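J.: Quick one: the structure is below, and I'll ask about it shortly.
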Amino acid sequence: MLDVRGLRKVYEGSGRRVEAVRDLTFTVAAGELVCLVGPSGCGKTTLLKCMGGLLTPSGGEVLLEGRKVTGPPPGMAFVFQEYGRSLFPWMRVAQNVELPLRQKHLPRERRRELVTDALRSVGLADAAGAYPWQLSGGMQQRVAIARALAYEPRVLLMDEPFAAVDAQTRADLEDLVRGLWRERGITILFVTHDIDEAVYLGQRVIVLSASPTVVQEQLKVDLPEERDQLRTRVAPRFADLRTHVYEQIQAAKRGVPRGEDPVTTSDTPPPR
Amino acid sequence: MSRLLLRAAYALALPAVLVALWWLASAGSTNVYWPPLRTILKTFPDVWTGQRLRDDLLRSVLRLLAGYAAAAVAGVALGTVVGSYRWVRAVCEPVLEFLRAVPPPVLVPVIMLFAGIGDGMKIVVIASGCVWPVLLNTVEGVRAVDPVLAETARSYGVTGAARLRTLVLRSASPQIFAGLRQALSIGIILMVISEMFAASNGLGFTIVQFQRGFAIPDMWTGILLLGLLGFVLSVVFRVVERRVLGWYHGLRAAARRS
């Protein structure tokens, strides 16, 4: 579905050359929910923007369903961290959700259907006529998610979408994303710096190294499909996994080279 | 209702005081150039008959609107181009700064040379003065489009004309309106000035005619009418701005609360 091959991104400017991403290779299968986690400033956003066609990589390539990504592909939707700056403040909620659909030249009836359905899915059916800035942060991010859903993407890229909302809202939004994923079968790539969030949400967690970024480790999350904030987070297995990811990130920060070839390992730590 | 009355009272209090002061201070005036307000007001309906309103006021206003509209369209269009491309900005900026610094009234004799002395000249003068604040503010507004919003638009395939309409111009609209507001007062000034050169009608022409004919109270009524016109235009402008920028004021208020 989504292939990242030897991706490399170097920023050049004002005499400084920053290698943000060195060499990244991984794949995301159709219908998978993969979390990318790494130390702060490890080029997660750069990676995601390259995948979304918003940045041109310096080397390597990104393939979506076998086709090379050169610009934002129509089958892909993006949810940004800065919800407040990613919704159009001069448009009402419904218009915000509808805007990309107009670009797709969908008939009015279909657009209305999709907007209503998407807003209902995120629990904001009543907010269609409000302006984004009349809503709380969590609700604004729900609107951004609804906009992505209405676009009917096959792949959803989420860039630390809950980093700026409070903890309780965050838990709700995590469950919302998992629910929508299971219901709609979208492929989701979720970038976060929060280890618990990555383990709680993902079927698979890809741990990135510090910048210049490579894949530190890939980890299958063998928690049951049914997850909930209370029980899953206190399960011993959850603790194992998060400890393991935490150790990997610490190792990544210290710059300890990974053991085996990270691209092929998708093993999980042995249960204690 | 009572809140509305209170607001109206606040708005009218100072004008009422000023008019009263003027009235009292000028009541016993025998100075020819400084007639009592009472005389001016009594002259007003005699001077500004339907005929005169049509021939002078309406023509002035139409010229003003034509010049202002031309400046708004040209300013926004050019400003969007200049603001969107760094290299265009680099090429144009010094020239724009120079042209902006030239006081528009100075251009009247020059414009008369090629635009003649008719309505065309006056409209060109008004437009040439009004265009700068609109242009420069549009450039700033277009440059300041939020990068996250721009990336959002791009990732959802909002490009070309739709990008201009739904992202760039809307995002720049607060600055564009700031420019339009400055341009409005410049436009009124230039309307009057352009009518003082080689004109046969219009508010500016009439006021100068009265002054030359020593019809001093009549001249004062013209000045009063000019003030009223400016006031009415700014009220209309504010109503339009409230409508178009409702989101912006709401957003600012929301940002202040949080």
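Going by the structure tokens order, chains are called A, B, ..., each with residues numbered from 1, while ligands are numbered from 1 in the order shown.
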Produce a table with one row for each residue of chain B that has an atom at most 12 Å from any atom of chain A, each row naming the nearest atom pair and its distance in Å at one decimal; use only C-alpha atoms; arrange rows by chain and rising residue number; format as JSON lines.

T.:
```
{"residue": "B:Val145", "atom": "CA", "partner": "A:Arg85", "partner_atom": "CA", "distance": 10.5}
{"residue": "B:Asp146", "atom": "CA", "partner": "A:Arg85", "partner_atom": "CA", "distance": 7.2}
{"residue": "B:Pro147", "atom": "CA", "partner": "A:Arg85", "partner_atom": "CA", "distance": 8.6}
{"residue": "B:Val148", "atom": "CA", "partner": "A:Ser86", "partner_atom": "CA", "distance": 5.7}
{"residue": "B:Leu149", "atom": "CA", "partner": "A:Ser86", "partner_atom": "CA", "distance": 4.8}
{"residue": "B:Ala150", "atom": "CA", "partner": "A:Ser86", "partner_atom": "CA", "distance": 8.4}
{"residue": "B:Glu151", "atom": "CA", "partner": "A:Leu54", "partner_atom": "CA", "distance": 7.1}
{"residue": "B:Thr152", "atom": "CA", "partner": "A:Ser86", "partner_atom": "CA", "distance": 6.0}
{"residue": "B:Ala153", "atom": "CA", "partner": "A:Pro100", "partner_atom": "CA", "distance": 8.1}
{"residue": "B:Arg154", "atom": "CA", "partner": "A:Pro72", "partner_atom": "CA", "distance": 7.0}
{"residue": "B:Ser155", "atom": "CA", "partner": "A:Pro72", "partner_atom": "CA", "distance": 5.1}
{"residue": "B:Tyr156", "atom": "CA", "partner": "A:Pro100", "partner_atom": "CA", "distance": 5.5}
{"residue": "B:Gly157", "atom": "CA", "partner": "A:Gln103", "partner_atom": "CA", "distance": 6.6}
{"residue": "B:Val158", "atom": "CA", "partner": "A:Gln103", "partner_atom": "CA", "distance": 6.2}
{"residue": "B:Thr159", "atom": "CA", "partner": "A:Gln103", "partner_atom": "CA", "distance": 8.5}
{"residue": "B:Gly160", "atom": "CA", "partner": "A:Gln103", "partner_atom": "CA", "distance": 10.5}
{"residue": "B:Ala161", "atom": "CA", "partner": "A:Gln103", "partner_atom": "CA", "distance": 10.7}
{"residue": "B:Ala162", "atom": "CA", "partner": "A:Gln103", "partner_atom": "CA", "distance": 8.0}
{"residue": "B:Arg163", "atom": "CA", "partner": "A:Gln103", "partner_atom": "CA", "distance": 10.0}
{"residue": "B:Arg165", "atom": "CA", "partner": "A:Leu99", "partner_atom": "CA", "distance": 11.6}
{"residue": "B:Thr166", "atom": "CA", "partner": "A:Phe88", "partner_atom": "CA", "distance": 8.6}
{"residue": "B:Leu167", "atom": "CA", "partner": "A:Phe88", "partner_atom": "CA", "distance": 7.8}
{"residue": "B:Val168", "atom": "CA", "partner": "A:Phe88", "partner_atom": "CA", "distance": 11.0}
{"residue": "B:Leu169", "atom": "CA", "partner": "A:Trp90", "partner_atom": "CA", "distance": 10.9}
{"residue": "B:Arg170", "atom": "CA", "partner": "A:Trp90", "partner_atom": "CA", "distance": 7.2}
{"residue": "B:Ser171", "atom": "CA", "partner": "A:Trp90", "partner_atom": "CA", "distance": 8.1}
{"residue": "B:Ala172", "atom": "CA", "partner": "A:Trp90", "partner_atom": "CA", "distance": 11.1}
{"residue": "B:Ser173", "atom": "CA", "partner": "A:Trp90", "partner_atom": "CA", "distance": 10.1}
{"residue": "B:Pro174", "atom": "CA", "partner": "A:Trp90", "partner_atom": "CA", "distance": 11.0}
{"residue": "B:Arg243", "atom": "CA", "partner": "A:Trp90", "partner_atom": "CA", "distance": 11.5}
{"residue": "B:Val244", "atom": "CA", "partner": "A:Trp90", "partner_atom": "CA", "distance": 9.3}
{"residue": "B:Leu245", "atom": "CA", "partner": "A:Trp90", "partner_atom": "CA", "distance": 8.2}
{"residue": "B:Gly246", "atom": "CA", "partner": "A:Trp90", "partner_atom": "CA", "distance": 8.3}
{"residue": "B:Trp247", "atom": "CA", "partner": "A:Trp90", "partner_atom": "CA", "distance": 5.3}
{"residue": "B:Tyr248", "atom": "CA", "partner": "A:Trp90", "partner_atom": "CA", "distance": 7.2}
{"residue": "B:His249", "atom": "CA", "partner": "A:Trp90", "partner_atom": "CA", "distance": 10.4}
{"residue": "B:Gly250", "atom": "CA", "partner": "A:Trp133", "partner_atom": "CA", "distance": 7.7}
{"residue": "B:Leu251", "atom": "CA", "partner": "A:Trp133", "partner_atom": "CA", "distance": 5.9}
{"residue": "B:Arg252", "atom": "CA", "partner": "A:Trp133", "partner_atom": "CA", "distance": 9.2}
{"residue": "B:Ala253", "atom": "CA", "partner": "A:Trp133", "partner_atom": "CA", "distance": 9.5}
{"residue": "B:Ala254", "atom": "CA", "partner": "A:Trp133", "partner_atom": "CA", "distance": 6.6}
{"residue": "B:Ala255", "atom": "CA", "partner": "A:Trp133", "partner_atom": "CA", "distance": 8.3}
{"residue": "B:Arg256", "atom": "CA", "partner": "A:Trp133", "partner_atom": "CA", "distance": 11.5}
{"residue": "B:Arg257", "atom": "CA", "partner": "A:Gln134", "partner_atom": "CA", "distance": 11.0}
{"residue": "B:Ser258", "atom": "CA", "partner": "A:Ser136", "partner_atom": "CA", "distance": 10.1}
```

J.: Step one, run DSSP on the backbone; step two, keep only residues of stretch 18-266 of chain A assigned to strand (DSSP E); then write them as an MDAnalysis selection string.

T.: chainID A and resid 18:28 33:37 59:64 67:68 76:79 155:159 187:192 204:208 213:220

J.: Excluding A:Arg22 and residues on its chain fewer than 4 positions from it, collect all residues at most 7 Å away from it, counting only C-alpha atoms, and give them as a JSON list (two decimals) with N, CA and C atoms, in the first residue's frame.

T.:
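See around26.json below for the written result:
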```json
[["chain", "number", "residue", "atom", "x", "y", "z"],
["A", 8, "ARG", "N", 15.37, 10.06, 2.07],
["A", 8, "ARG", "CA", 16.40, 10.93, 2.59],
["A", 8, "ARG", "C", 15.97, 12.36, 2.36],
["A", 9, "LYS", "N", 16.15, 13.20, 3.38],
["A", 9, "LYS", "CA", 15.80, 14.60, 3.19],
["A", 9, "LYS", "C", 16.85, 15.47, 3.84],
["A", 212, "PRO", "N", 20.16, 12.47, 12.29],
["A", 212, "PRO", "CA", 19.50, 12.08, 11.05],
["A", 212, "PRO", "C", 18.82, 10.71, 11.17],
["A", 213, "THR", "N", 17.60, 10.66, 10.76],
["A", 213, "THR", "CA", 16.72, 9.58, 11.14],
["A", 213, "THR", "C", 16.86, 8.30, 10.31],
["A", 214, "VAL", "N", 16.90, 7.20, 11.00],
["A", 214, "VAL", "CA", 16.74, 5.87, 10.39],
["A", 214, "VAL", "C", 15.72, 5.12, 11.23]]
```

J.: Excluding B:Phe237 and any residue of its chain fewer than 2 positions from it, enumerate the residues within 12 Å of it, using only C-alpha atoms, and give them as a ChimeraX atom specification.

T.: /B:177-178,180-185,230-235,239-245

J.: Please return, as a PyMOL selection string, all residues of stretch 128-231 of chain A that DSSP assigns to helix (DSSP H, G or I) on the basis of the backbone.

T.: chain A and resi 132-134+137-150+167-184+195-201+231

J.: Could you take the residues named above and write them with C-alpha atoms, as a tab-separated table (two decimals), in the first residue's frame?

T.:
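For reference, selection22.tsv as written:
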```tsv
chain	number	residue	atom	x	y	z
A	132	PRO	CA	-14.03	26.65	14.11
A	133	TRP	CA	-12.89	29.27	16.59
A	134	GLN	CA	-16.17	28.91	18.47
A	137	GLY	CA	-9.45	22.52	20.78
A	138	GLY	CA	-10.58	18.92	20.85
A	139	MET	CA	-13.66	19.73	18.82
A	140	GLN	CA	-11.57	21.60	16.28
A	141	GLN	CA	-9.36	18.57	15.83
A	142	ARG	CA	-12.51	16.48	15.39
A	143	VAL	CA	-13.53	18.81	12.57
A	144	ALA	CA	-10.11	18.30	10.97
A	145	ILE	CA	-10.61	14.54	11.28
A	146	ALA	CA	-14.10	14.82	9.80
A	147	ARG	CA	-12.69	16.77	6.88
A	148	ALA	CA	-10.16	14.00	6.28
A	149	LEU	CA	-12.87	11.32	6.51
A	150	ALA	CA	-15.24	13.07	4.12
A	167	ALA	CA	-5.32	14.55	28.45
A	168	GLN	CA	-8.99	13.63	28.72
A	169	THR	CA	-9.86	14.95	25.29
A	170	ARG	CA	-6.85	13.12	24.02
A	171	ALA	CA	-8.07	9.77	25.34
A	172	ASP	CA	-11.44	10.35	23.67
A	173	LEU	CA	-9.82	11.26	20.39
A	174	GLU	CA	-7.58	8.18	20.51
A	175	ASP	CA	-10.62	5.96	20.88
A	176	LEU	CA	-12.31	7.90	18.10
A	177	VAL	CA	-9.42	7.25	15.73
A	178	ARG	CA	-9.29	3.57	16.57
A	179	GLY	CA	-13.05	3.29	16.17
A	180	LEU	CA	-13.03	5.01	12.80
A	181	TRP	CA	-10.14	2.88	11.63
A	182	ARG	CA	-11.92	-0.35	12.50
A	183	GLU	CA	-15.18	0.84	11.07
A	184	ARG	CA	-13.89	2.23	7.78
A	195	ILE	CA	5.01	6.21	23.63
A	196	ASP	CA	1.81	5.20	25.43
A	197	GLU	CA	-0.27	6.64	22.65
A	198	ALA	CA	1.73	4.76	20.03
A	199	VAL	CA	1.37	1.43	21.81
A	200	TYR	CA	-2.28	1.98	22.66
A	201	LEU	CA	-3.28	2.91	19.12
A	231	ARG	CA	-8.09	-1.99	30.95
```

J.: Using only C-alpha atoms, which residues of stretch 63-166 of chain B come within 9 Å of stretch 188-212 of chain B, and what is the closest atom pair for each, with the distance in Å to one decimal? Give it as JSON lines, sorted by chain and residue number.

T.:
```
{"residue": "B:Arg63", "atom": "CA", "partner": "B:Met191", "partner_atom": "CA", "distance": 7.5}
{"residue": "B:Leu64", "atom": "CA", "partner": "B:Met191", "partner_atom": "CA", "distance": 6.0}
{"residue": "B:Gly67", "atom": "CA", "partner": "B:Met191", "partner_atom": "CA", "distance": 9.0}
{"residue": "B:Pro104", "atom": "CA", "partner": "B:Leu190", "partner_atom": "CA", "distance": 7.8}
{"residue": "B:Pro105", "atom": "CA", "partner": "B:Leu190", "partner_atom": "CA", "distance": 7.0}
{"residue": "B:Val108", "atom": "CA", "partner": "B:Ser194", "partner_atom": "CA", "distance": 6.9}
{"residue": "B:Pro109", "atom": "CA", "partner": "B:Phe197", "partner_atom": "CA", "distance": 8.5}
{"residue": "B:Met112", "atom": "CA", "partner": "B:Ala198", "partner_atom": "CA", "distance": 8.9}
{"residue": "B:Ile117", "atom": "CA", "partner": "B:Ala198", "partner_atom": "CA", "distance": 6.0}
{"residue": "B:Gly118", "atom": "CA", "partner": "B:Ala199", "partner_atom": "CA", "distance": 7.5}
{"residue": "B:Asp119", "atom": "CA", "partner": "B:Ala199", "partner_atom": "CA", "distance": 8.8}
{"residue": "B:Met121", "atom": "CA", "partner": "B:Ser194", "partner_atom": "CA", "distance": 8.0}
{"residue": "B:Lys122", "atom": "CA", "partner": "B:Ser194", "partner_atom": "CA", "distance": 5.5}
{"residue": "B:Ile123", "atom": "CA", "partner": "B:Met191", "partner_atom": "CA", "distance": 8.2}
{"residue": "B:Val125", "atom": "CA", "partner": "B:Ser194", "partner_atom": "CA", "distance": 6.8}
{"residue": "B:Ile126", "atom": "CA", "partner": "B:Leu190", "partner_atom": "CA", "distance": 5.4}
{"residue": "B:Ala127", "atom": "CA", "partner": "B:Leu190", "partner_atom": "CA", "distance": 8.9}
{"residue": "B:Gly129", "atom": "CA", "partner": "B:Leu190", "partner_atom": "CA", "distance": 7.3}
{"residue": "B:Cys130", "atom": "CA", "partner": "B:Leu190", "partner_atom": "CA", "distance": 8.7}
```

J.: What gap, in Å, lies between atom CA of A:Leu208 and atom CA of A:Val37?

T.: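 Computing it gives 6.1 Å between the two atoms.
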
J.: Which residues, written as JSON, numbers by chain, have at least one atom at most 8 Å from B:Trp220, with only C-alpha atoms counted and residues fewer than 4 positions away on the same chain left out?

T.: {"B": [40, 207, 216, 224]}

J.: Got time to write the residues from that selection, N, CA and C atoms, as an mmCIF file, in the first residue's frame?

T.:
```cif
data_model
loop_
_atom_site.group_PDB
_atom_site.id
_atom_site.type_symbol
_atom_site.label_atom_id
_atom_site.label_comp_id
_atom_site.auth_asym_id
_atom_site.auth_seq_id
_atom_site.Cartn_x
_atom_site.Cartn_y
_atom_site.Cartn_z
ATOM 1 N N ILE B 40 -25.526 79.590 8.604
ATOM 2 C CA ILE B 40 -25.072 78.507 7.714
ATOM 3 C C ILE B 40 -26.193 77.493 7.533
ATOM 4 N N ILE B 207 -17.531 74.507 -3.856
ATOM 5 C CA ILE B 207 -17.005 75.169 -2.657
ATOM 6 C C ILE B 207 -16.055 76.302 -3.068
ATOM 7 N N ILE B 216 -19.786 83.312 1.606
ATOM 8 C CA ILE B 216 -19.133 82.554 2.679
ATOM 9 C C ILE B 216 -20.058 81.546 3.359
ATOM 10 N N LEU B 224 -19.729 71.555 5.228
ATOM 11 C CA LEU B 224 -20.563 70.689 6.078
ATOM 12 C C LEU B 224 -21.002 69.438 5.308
#
```

J.: Write out as JSON, numbers by chain which residues come within 7 Å of B:Gly79 when counting only C-alpha atoms, dropping same-chain ones fewer than 3 positions away.

T.: {"B": [75, 76, 82, 83, 135, 136, 138, 139]}

J.: I need the residues from that last selection saved to file as a short mmCIF file (atom, residue, chain, number, x, y, z; two decimals), in the first residue's frame (with C-alpha atoms), if you can.

T.:
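Here's the written file out.cif:
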```cif
data_model
loop_
_atom_site.label_atom_id
_atom_site.label_comp_id
_atom_site.auth_asym_id
_atom_site.auth_seq_id
_atom_site.Cartn_x
_atom_site.Cartn_y
_atom_site.Cartn_z
CA GLY B 75 -4.60 47.22 -5.93
CA VAL B 76 -5.87 43.80 -4.94
CA VAL B 82 3.47 40.96 -5.98
CA GLY B 83 2.76 39.22 -2.69
CA LEU B 135 -1.76 47.51 -3.04
CA LEU B 136 0.75 47.58 -0.19
CA THR B 138 -2.66 43.35 -0.04
CA VAL B 139 1.01 42.48 -0.54
#
```

J.: Figure out the distance between atom CA of B:Leu62 and atom CA of B:Ala115, please, to one decimal in Å.

T.: 17.7 Å

J.: Could you state the separation of atom CA of A:Lys44 and atom CA of A:Phe26 in Å, given to one decimal place?

T.: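 Computed distance, atom CA of A:Lys44 to atom CA of A:Phe26, equals 13.7 Å.
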